[in-house]
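Reproduced below: target.txt, with compact mmCIF, C-alpha atoms.
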```txt
# COMPACT_ATOMS: atom_id res chain seq x y z
CA MET A 17 108.46 85.64 109.25
CA ILE A 18 106.29 88.44 107.90
CA TYR A 19 107.20 92.09 108.32
CA LYS A 20 104.70 94.89 107.72
CA ILE A 21 106.74 97.95 106.87
CA SER A 22 104.00 100.53 107.43
CA THR A 23 103.35 99.42 111.01
CA LYS A 24 106.82 97.96 111.69
CA GLU A 25 105.15 94.80 113.03
CA LEU A 26 106.80 91.42 112.83
CA PHE A 27 104.75 88.24 112.64
CA SER A 28 105.56 84.59 112.35
CA ASP A 29 104.69 82.78 109.13
CA GLU A 30 101.56 81.60 110.99
CA GLU A 31 100.67 85.31 111.43
CA VAL A 32 101.27 85.28 115.17
CA PHE A 33 102.34 88.76 116.28
CA ILE A 34 105.93 88.80 117.52
CA LYS A 35 106.77 92.42 118.17
CA LYS A 36 106.73 95.95 116.83
CA LEU A 37 110.20 97.10 115.91
CA HIS A 38 111.02 100.43 117.50
CA CYS A 39 114.31 101.92 118.56
CA PRO A 40 113.91 105.32 120.28
CA HIS A 41 117.62 105.96 119.77
CA LEU A 42 117.48 105.28 116.02
CA ILE A 43 120.52 103.04 116.45
CA LYS A 44 122.03 101.69 113.23
CA TRP A 45 123.07 98.07 112.77
CA GLN A 46 126.26 99.18 111.06
CA GLU A 47 127.24 101.26 114.07
CA MET A 48 126.96 98.41 116.56
CA ASN A 49 129.86 96.28 117.71
CA LYS A 50 130.17 92.70 116.53
CA ILE A 51 130.30 89.97 119.16
CA LYS A 52 133.03 87.50 118.36
CA GLY A 53 131.69 84.17 117.16
CA ARG A 54 128.04 85.23 117.33
CA SER A 55 125.51 86.70 114.93
CA GLU A 56 124.22 89.23 117.46
CA LYS A 57 125.64 92.69 117.83
CA ALA A 58 126.03 94.71 121.02
CA CYS A 59 124.07 97.92 121.36
CA GLN A 60 126.31 100.37 123.16
CA ILE A 61 123.38 102.59 124.14
CA CYS A 62 121.10 100.11 125.89
CA GLU A 63 123.89 97.62 126.59
CA LYS A 64 121.79 94.82 125.15
CA ASN A 65 122.42 92.41 122.34
CA VAL A 66 120.54 92.85 119.08
CA TYR A 67 119.58 89.57 117.43
CA ASP A 68 119.93 89.12 113.68
CA THR A 69 116.72 87.39 112.58
CA GLU A 70 118.38 86.29 109.35
CA THR A 71 120.06 83.49 111.26
CA MET A 72 116.99 82.51 113.30
CA SER A 73 113.91 80.41 112.70
CA ASP A 74 110.42 81.76 113.42
CA GLU A 75 110.30 79.51 116.46
CA GLN A 76 113.54 80.89 117.82
CA VAL A 77 112.40 84.49 117.39
CA VAL A 78 108.99 83.81 118.99
CA ASP A 79 110.72 82.02 121.85
CA LEU A 80 113.19 84.85 122.37
CA ILE A 81 110.46 87.50 122.56
CA ALA A 82 108.35 85.29 124.85
CA ARG A 83 111.30 85.17 127.25
CA ASP A 84 112.20 88.85 126.87
CA SER A 85 109.63 91.11 125.23
CA GLN A 86 112.18 93.95 125.16
CA ALA A 87 114.75 91.97 123.20
CA CYS A 88 115.91 93.85 120.12
CA LEU A 89 115.86 92.38 116.65
CA LYS A 90 117.40 93.29 113.33
CA ILE A 91 115.72 92.47 110.06
CA ASN A 92 116.64 93.10 106.45
CA PRO A 93 113.95 92.79 103.76
CA ASN A 94 116.34 90.88 101.52
CA GLN A 95 116.79 88.01 103.93
CA ARG A 96 115.26 84.76 102.72
CA ASN A 97 113.19 84.03 105.84
CA ILE A 98 111.24 87.32 105.70
CA LYS A 99 108.23 88.20 103.60
CA VAL A 100 107.71 91.96 103.45
CA MET A 101 104.21 93.43 103.19
CA ASN A 102 102.35 96.77 103.40
CA ILE A 103 105.26 98.66 101.95
CA TYR A 104 103.46 101.90 101.07
CA ASP A 105 100.33 101.79 103.29
CA MET B 19 106.20 116.20 123.30
CA THR B 20 107.87 113.17 124.80
CA SER B 21 111.40 112.12 125.50
CA ASP B 22 112.81 108.81 124.44
CA GLU B 23 113.76 106.47 127.21
CA GLY B 24 117.48 106.04 127.15
CA ASN B 25 119.51 104.18 129.69
CA LYS B 26 123.01 105.53 129.39
CA SER B 27 122.47 107.44 126.19
CA GLU B 28 121.73 111.06 125.64
CA VAL B 29 118.00 111.53 126.00
CA LEU B 30 116.73 113.21 122.89
CA ARG B 31 113.45 115.03 122.65
CA VAL B 32 111.07 113.81 120.03
CA ILE B 33 109.76 116.50 117.69
CA LYS B 34 106.34 115.77 116.31
CA THR B 35 105.01 116.68 112.88
CA ALA B 36 101.58 118.07 112.12
CA ARG B 37 100.17 117.39 108.68
CA SER B 38 97.04 119.56 108.51
CA ILE B 39 96.21 123.23 109.08
CA ASP B 40 93.97 122.38 112.04
CA GLU B 41 96.59 120.18 113.63
CA ILE B 42 99.30 122.83 113.15
CA ASN B 43 97.18 125.63 114.62
CA GLU B 44 96.13 123.49 117.54
CA ALA B 45 99.81 122.99 118.38
CA VAL B 46 100.50 126.71 117.98
CA GLU B 47 97.75 127.43 120.51
CA SER B 48 99.53 125.06 122.89
CA GLY B 49 102.77 127.05 122.55
CA PHE B 50 104.65 125.30 119.75
CA PHE B 51 106.29 127.15 116.86
CA PRO B 52 105.47 125.62 113.47
CA VAL B 53 108.31 125.13 110.98
CA VAL B 54 106.12 124.70 107.93
CA LYS B 55 107.49 123.05 104.80
CA GLN B 56 106.35 121.95 101.41
CA LEU B 57 106.58 118.23 100.69
CA LYS B 58 109.08 117.58 97.89
CA PRO B 59 109.09 114.02 96.55
CA LEU B 60 112.59 112.63 96.09
CA ASP B 61 113.25 111.28 92.58
CA LYS B 62 114.99 108.23 94.01
CA LEU B 63 111.78 107.09 95.72
CA PHE B 64 109.72 106.94 92.54
CA ARG B 65 108.70 103.47 91.36
CA THR B 66 108.36 102.08 87.88
CA VAL B 67 105.15 100.21 87.28
CA GLY B 68 103.29 98.66 84.38
CA VAL B 69 100.26 96.33 84.25
CA PHE B 70 99.96 93.23 82.08
CA ARG B 71 96.76 91.32 81.27
CA ASN B 72 96.94 87.62 80.76
CA LYS B 73 95.21 86.93 77.45
CA LYS B 74 93.91 83.53 78.56
CA THR B 75 92.58 84.34 82.04
CA ASN B 76 92.11 88.14 81.72
CA LYS B 77 93.70 88.50 85.14
CA VAL B 78 96.16 91.37 85.52
CA GLU B 79 99.54 91.63 87.20
CA GLU B 80 101.61 94.62 88.26
CA THR B 81 105.31 94.61 87.49
CA HIS B 82 108.31 96.89 87.28
CA ALA B 83 109.90 95.17 84.25
CA TYR B 84 109.24 92.81 81.35
CA ALA B 85 111.32 90.15 83.08
CA GLY B 86 113.32 89.75 86.25
CA PHE B 87 113.26 88.33 89.74
CA ARG B 88 110.85 88.71 92.61
CA GLN B 89 111.40 87.88 96.26
CA TYR B 90 113.22 84.60 96.92
CA THR B 91 114.70 84.73 93.39
CA GLU B 92 111.36 83.74 91.81
CA LYS B 93 111.67 84.49 88.07
CA PHE B 94 108.98 86.29 86.12
CA SER B 95 108.56 87.20 82.45
CA TYR B 96 105.88 89.01 80.44
CA GLU B 97 107.85 88.82 77.21
CA ASP B 98 105.58 86.29 75.48
CA GLU B 99 103.17 88.51 73.53
CA SER B 100 100.85 85.60 72.83
CA GLU B 101 100.24 85.33 76.55
CA TRP B 102 100.56 88.89 77.91
CA GLU B 103 99.27 92.31 76.87
CA LEU B 104 100.68 95.48 78.41
CA VAL B 105 97.49 97.34 79.41
CA VAL B 106 99.11 100.10 81.48
CA PRO B 107 102.42 101.21 79.99
CA PHE B 108 105.48 101.41 82.20
CA HIS B 109 105.62 104.74 83.98
CA GLN B 110 107.01 106.21 87.17
CA TYR B 111 104.98 107.24 90.19
CA TYR B 112 105.55 108.39 93.75
CA PRO B 113 104.18 105.64 96.00
CA TYR B 114 103.96 107.45 99.34
CA LYS B 115 100.73 109.17 100.33
CA PHE B 116 100.19 112.17 102.62
CA ASP B 117 97.05 114.08 103.54
CA ASN B 118 98.43 117.47 102.43
CA PRO B 119 101.35 118.77 100.35
CA TYR B 120 102.75 120.58 103.38
CA ALA B 121 103.49 119.78 107.01
CA ALA B 122 105.10 121.40 110.03
CA TYR B 123 107.60 120.39 112.66
CA LEU B 124 106.21 121.47 116.03
CA VAL B 125 109.04 123.18 117.87
CA PRO B 126 108.75 123.52 121.65
CA SER B 127 109.33 126.99 123.07
CA ASP B 128 112.21 125.90 125.30
CA ILE B 129 114.35 124.37 122.55
CA ILE B 130 117.88 125.70 122.43
CA ILE B 131 120.13 126.24 119.42
CA GLY B 132 122.32 123.18 118.96
CA GLU B 133 119.89 120.81 120.69
CA LYS B 134 119.84 117.37 119.13
CA VAL B 135 116.37 115.89 118.67
CA VAL B 136 114.58 113.05 116.97
CA LEU B 137 112.31 114.04 114.10
CA LYS B 138 109.77 111.25 114.48
CA ASP B 139 107.84 111.89 111.26
CA LEU B 140 110.14 113.42 108.66
CA ILE B 141 108.67 115.98 106.27
CA GLU B 142 111.63 115.74 103.92
CA ASP B 143 112.25 112.64 101.83
CA TYR B 144 115.39 110.70 102.67
CA TYR B 145 116.36 107.49 100.95
CA GLY B 146 116.44 104.54 103.34
CA GLY B 147 117.73 101.78 101.07
CA SER B 148 116.29 99.44 98.49
CA PHE B 149 115.07 95.88 98.20
CA TRP B 150 113.66 94.13 95.10
CA ASP B 151 112.25 97.07 93.11
CA HIS B 152 111.31 99.16 96.15
CA SER B 153 113.09 102.23 97.45
CA ILE B 154 112.29 102.98 101.05
CA ARG B 155 111.54 106.40 102.55
CA LEU B 156 112.92 107.01 106.04
CA ASP B 157 110.37 107.85 108.77
CA SER B 158 112.72 109.31 111.35
CA LEU B 159 116.15 110.85 111.69
CA LYS B 160 118.09 112.78 114.27
CA ALA B 161 118.47 116.51 113.74
CA ILE B 162 119.98 119.61 115.33
CA TRP B 163 118.01 122.80 115.91
CA THR B 164 119.74 125.75 114.23
CA GLY B 165 117.45 128.49 115.47
CA ASP B 166 115.12 128.57 112.50
CA ASP B 167 115.17 125.02 111.16
CA PHE B 168 116.50 121.53 111.80
CA SER B 169 119.78 120.35 110.37
CA ILE B 170 118.99 116.73 109.61
CA GLN B 171 121.69 114.21 110.40
CA TYR B 172 121.64 111.79 107.46
CA ASP B 173 124.48 109.43 106.63
CA PRO B 174 123.81 107.42 103.46
CA LYS B 175 126.20 104.70 104.61
CA THR B 176 124.13 103.85 107.68
CA ASP B 177 120.74 105.45 107.00
CA GLY B 178 120.52 104.47 103.34
CA VAL B 179 120.47 100.74 104.11
CA CYS B 180 117.47 98.54 104.87
CA ASP B 181 118.70 97.10 108.16
CA TRP B 182 115.91 97.75 110.64
CA VAL B 183 116.48 97.48 114.37
CA GLY B 184 114.07 97.54 117.27
```

Represent the structure from my file as structure tokens, please.
Amino acid sequence: MIYKISTKELFSDEEVFIKKLHCPHLIKWQEMNKIKGRSEKACQICEKNVYDTETMSDEQVVDLIARDSQACLKINPNQRNIKVMNIYD
Amino acid sequence: MTSDEGNKSEVLRVIKTARSIDEINEAVESGFFPVVKQLKPLDKLFRTVGVFRNKKTNKVEETHAYAGFRQYTEKFSYEDESEWELVVPFHQYYPYKFDNPYAAYLVPSDIIIGEKVVLKDLIEDYYGGSFWDHSIRLDSLKAIWTGDDFSIQYDPKTDGVCDWVG
């Protein structure tokens, strides 16, 4: 995946737009509850699961957003499956 | 001014920022009070950069160190003086750019003391974590209106980490 920090847009490695990361509640990953046996966490505000893209392939993320465009994702620039771009634009 | 769309959460108003005199005065004419501030770059957000020229190809590369690791643990080294010349010495610079050295939070007239809001475009610099040789500046934080300014709610344990959600 490719993540453009300045626009908060996530793309697949093939540069297909996946989604723009935006949380109006400014929820923090560390504040969310773990779900036993799963890599997702539960957002107590929206009552939705937040998917950790570190454990997902591009295909899985694209598929998830195609099924639910409002699905929430978590990314960390240090994860090995993310290339970070446009850091200071 | 918009509100964020919460389900069961508290719905916080979003406070906008104006970054030019014209934009600030336009908001004032619409009834907003401007909390005007000077931009003050945070030391922690400065980057170290130097530029090396390859003596064989003449192509140049930017780096933050003589040797180290880039993304995906790719090693780099400019230590071989027969191959590399340091053409811009290592120095520190502030990498974020703004139109003016001041900005204003646009405060709505009906705000009440103690109201929690979202500052969508922070004027102040807050450290949002690091990766590789980059230190990230936070865009947004929650804050509480004190009557003459916003008390920004920053927790380095959760806000100073590059885990982005949305």

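With CA of Val179 in chain B on one side and CA of Lys36 in chain A on the other, the separation reads 19.3 Å.
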
Write out, as JSON lines, each residue of chain A that has an atom at most 10 Å from chain B, together with the closest pair of atoms and their distance in Å to one decimal, counting all atoms listed in the file, rows going by chain and rising number.
```
{"residue": "A:Ile21", "atom": "CA", "partner": "B:Ile154", "partner_atom": "CA", "distance": 9.5}
{"residue": "A:Ser22", "atom": "CA", "partner": "B:Asp157", "partner_atom": "CA", "distance": 9.8}
{"residue": "A:Lys24", "atom": "CA", "partner": "B:Trp182", "partner_atom": "CA", "distance": 9.2}
{"residue": "A:Lys35", "atom": "CA", "partner": "B:Gly184", "partner_atom": "CA", "distance": 9.0}
{"residue": "A:Lys36", "atom": "CA", "partner": "B:Gly184", "partner_atom": "CA", "distance": 7.5}
{"residue": "A:Leu37", "atom": "CA", "partner": "B:Gly184", "partner_atom": "CA", "distance": 4.1}
{"residue": "A:His38", "atom": "CA", "partner": "B:Gly184", "partner_atom": "CA", "distance": 4.2}
{"residue": "A:Cys39", "atom": "CA", "partner": "B:Gly184", "partner_atom": "CA", "distance": 4.6}
{"residue": "A:Pro40", "atom": "CA", "partner": "B:Asp22", "partner_atom": "CA", "distance": 5.5}
{"residue": "A:His41", "atom": "CA", "partner": "B:Asp22", "partner_atom": "CA", "distance": 7.3}
{"residue": "A:Leu42", "atom": "CA", "partner": "B:Leu159", "partner_atom": "CA", "distance": 7.2}
{"residue": "A:Ile43", "atom": "CA", "partner": "B:Val183", "partner_atom": "CA", "distance": 7.2}
{"residue": "A:Lys44", "atom": "CA", "partner": "B:Thr176", "partner_atom": "CA", "distance": 6.3}
{"residue": "A:Trp45", "atom": "CA", "partner": "B:Asp181", "partner_atom": "CA", "distance": 6.4}
{"residue": "A:Gln46", "atom": "CA", "partner": "B:Thr176", "partner_atom": "CA", "distance": 6.1}
{"residue": "A:Glu47", "atom": "CA", "partner": "B:Thr176", "partner_atom": "CA", "distance": 7.6}
{"residue": "A:Gln60", "atom": "CA", "partner": "B:Ser27", "partner_atom": "CA", "distance": 8.6}
{"residue": "A:Ile61", "atom": "CA", "partner": "B:Ser27", "partner_atom": "CA", "distance": 5.3}
{"residue": "A:Cys62", "atom": "CA", "partner": "B:Asn25", "partner_atom": "CA", "distance": 5.8}
{"residue": "A:Glu63", "atom": "CA", "partner": "B:Lys26", "partner_atom": "CA", "distance": 8.4}
{"residue": "A:Val66", "atom": "CA", "partner": "B:Val183", "partner_atom": "CA", "distance": 7.8}
{"residue": "A:Tyr67", "atom": "CA", "partner": "B:Val183", "partner_atom": "CA", "distance": 9.0}
{"residue": "A:Asp68", "atom": "CA", "partner": "B:Val183", "partner_atom": "CA", "distance": 9.1}
{"residue": "A:Gln86", "atom": "CA", "partner": "B:Gly184", "partner_atom": "CA", "distance": 8.9}
{"residue": "A:Ala87", "atom": "CA", "partner": "B:Gly184", "partner_atom": "CA", "distance": 8.2}
{"residue": "A:Cys88", "atom": "CA", "partner": "B:Gly184", "partner_atom": "CA", "distance": 5.0}
{"residue": "A:Leu89", "atom": "CA", "partner": "B:Gly184", "partner_atom": "CA", "distance": 5.5}
{"residue": "A:Lys90", "atom": "CA", "partner": "B:Val183", "partner_atom": "CA", "distance": 4.4}
{"residue": "A:Ile91", "atom": "CA", "partner": "B:Trp182", "partner_atom": "CA", "distance": 5.3}
{"residue": "A:Asn92", "atom": "CA", "partner": "B:Asp181", "partner_atom": "CA", "distance": 4.8}
{"residue": "A:Pro93", "atom": "CA", "partner": "B:Phe149", "partner_atom": "CA", "distance": 6.5}
{"residue": "A:Asn94", "atom": "CA", "partner": "B:Phe149", "partner_atom": "CA", "distance": 6.1}
{"residue": "A:Gln95", "atom": "CA", "partner": "B:Tyr90", "partner_atom": "CA", "distance": 8.6}
{"residue": "A:Arg96", "atom": "CA", "partner": "B:Tyr90", "partner_atom": "CA", "distance": 6.2}
{"residue": "A:Asn97", "atom": "CA", "partner": "B:Tyr90", "partner_atom": "CA", "distance": 8.9}
{"residue": "A:Ile98", "atom": "CA", "partner": "B:Tyr90", "partner_atom": "CA", "distance": 9.4}
{"residue": "A:Lys99", "atom": "CA", "partner": "B:Gln89", "partner_atom": "CA", "distance": 8.0}
{"residue": "A:Val100", "atom": "CA", "partner": "B:Gln89", "partner_atom": "CA", "distance": 9.1}
{"residue": "A:Ile103", "atom": "CA", "partner": "B:Ile154", "partner_atom": "CA", "distance": 8.3}
{"residue": "A:Tyr104", "atom": "CA", "partner": "B:Tyr114", "partner_atom": "CA", "distance": 5.8}
{"residue": "A:Asp105", "atom": "CA", "partner": "B:Tyr114", "partner_atom": "CA", "distance": 7.8}
```

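Counting from CA of Ser28 in chain A, the distance to CA of Lys93 in chain B is 25.0 Å.
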
Legend entry - Atom-to-atom span, CA of Gln56 in chain B and CA of His82 in chain B, Å: 28.8 Å

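You can rank B:Ala45, B:Gly86, B:Phe50, B:Lys55 by their closest distance to Asp128 in chain B using all atoms listed in the file, and at the top of that list sits B:Phe50.
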
Model the absent atoms of range 119-130 of chain B so that N, CA, C and O atoms are present, and write the result as a short mmCIF file (atom, residue, chain, number, x, y, z; two decimals), keeping the file's coordinate frame.
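Result written to selection_33.cif:
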```
data_model
loop_
_atom_site.label_atom_id
_atom_site.label_comp_id
_atom_site.auth_asym_id
_atom_site.auth_seq_id
_atom_site.Cartn_x
_atom_site.Cartn_y
_atom_site.Cartn_z
N PRO B 119 100.00 118.59 100.94
CA PRO B 119 101.35 118.77 100.35
C PRO B 119 102.27 119.62 101.20
O PRO B 119 103.26 120.16 100.71
N TYR B 120 101.91 119.80 102.44
CA TYR B 120 102.75 120.58 103.38
C TYR B 120 102.63 119.92 104.75
O TYR B 120 101.72 119.09 105.00
N ALA B 121 103.54 120.28 105.64
CA ALA B 121 103.49 119.78 107.01
C ALA B 121 104.37 120.69 107.86
O ALA B 121 105.09 121.55 107.31
N ALA B 122 104.30 120.53 109.17
CA ALA B 122 105.10 121.40 110.03
C ALA B 122 105.72 120.60 111.18
O ALA B 122 105.05 119.76 111.78
N TYR B 123 106.98 120.89 111.42
CA TYR B 123 107.60 120.39 112.66
C TYR B 123 107.12 121.30 113.78
O TYR B 123 107.11 122.53 113.64
N LEU B 124 106.73 120.70 114.90
CA LEU B 124 106.21 121.47 116.03
C LEU B 124 107.34 121.67 117.05
O LEU B 124 107.72 120.73 117.76
N VAL B 125 107.85 122.89 117.07
CA VAL B 125 109.04 123.18 117.87
C VAL B 125 108.64 123.69 119.24
O VAL B 125 107.91 124.70 119.34
N PRO B 126 109.10 123.05 120.30
CA PRO B 126 108.75 123.52 121.65
C PRO B 126 109.45 124.84 121.96
O PRO B 126 110.53 125.11 121.45
N SER B 127 108.81 125.64 122.81
CA SER B 127 109.33 126.99 123.07
C SER B 127 110.66 126.99 123.81
O SER B 127 111.41 127.95 123.73
N ASP B 128 110.97 125.91 124.51
CA ASP B 128 112.21 125.90 125.30
C ASP B 128 113.37 125.22 124.58
O ASP B 128 114.41 124.95 125.18
N ILE B 129 113.24 124.99 123.29
CA ILE B 129 114.35 124.37 122.55
C ILE B 129 115.51 125.35 122.49
O ILE B 129 115.31 126.58 122.45
N ILE B 130 116.72 124.81 122.51
CA ILE B 130 117.88 125.70 122.43
C ILE B 130 118.67 125.41 121.16
O ILE B 130 118.67 124.26 120.68
#
```
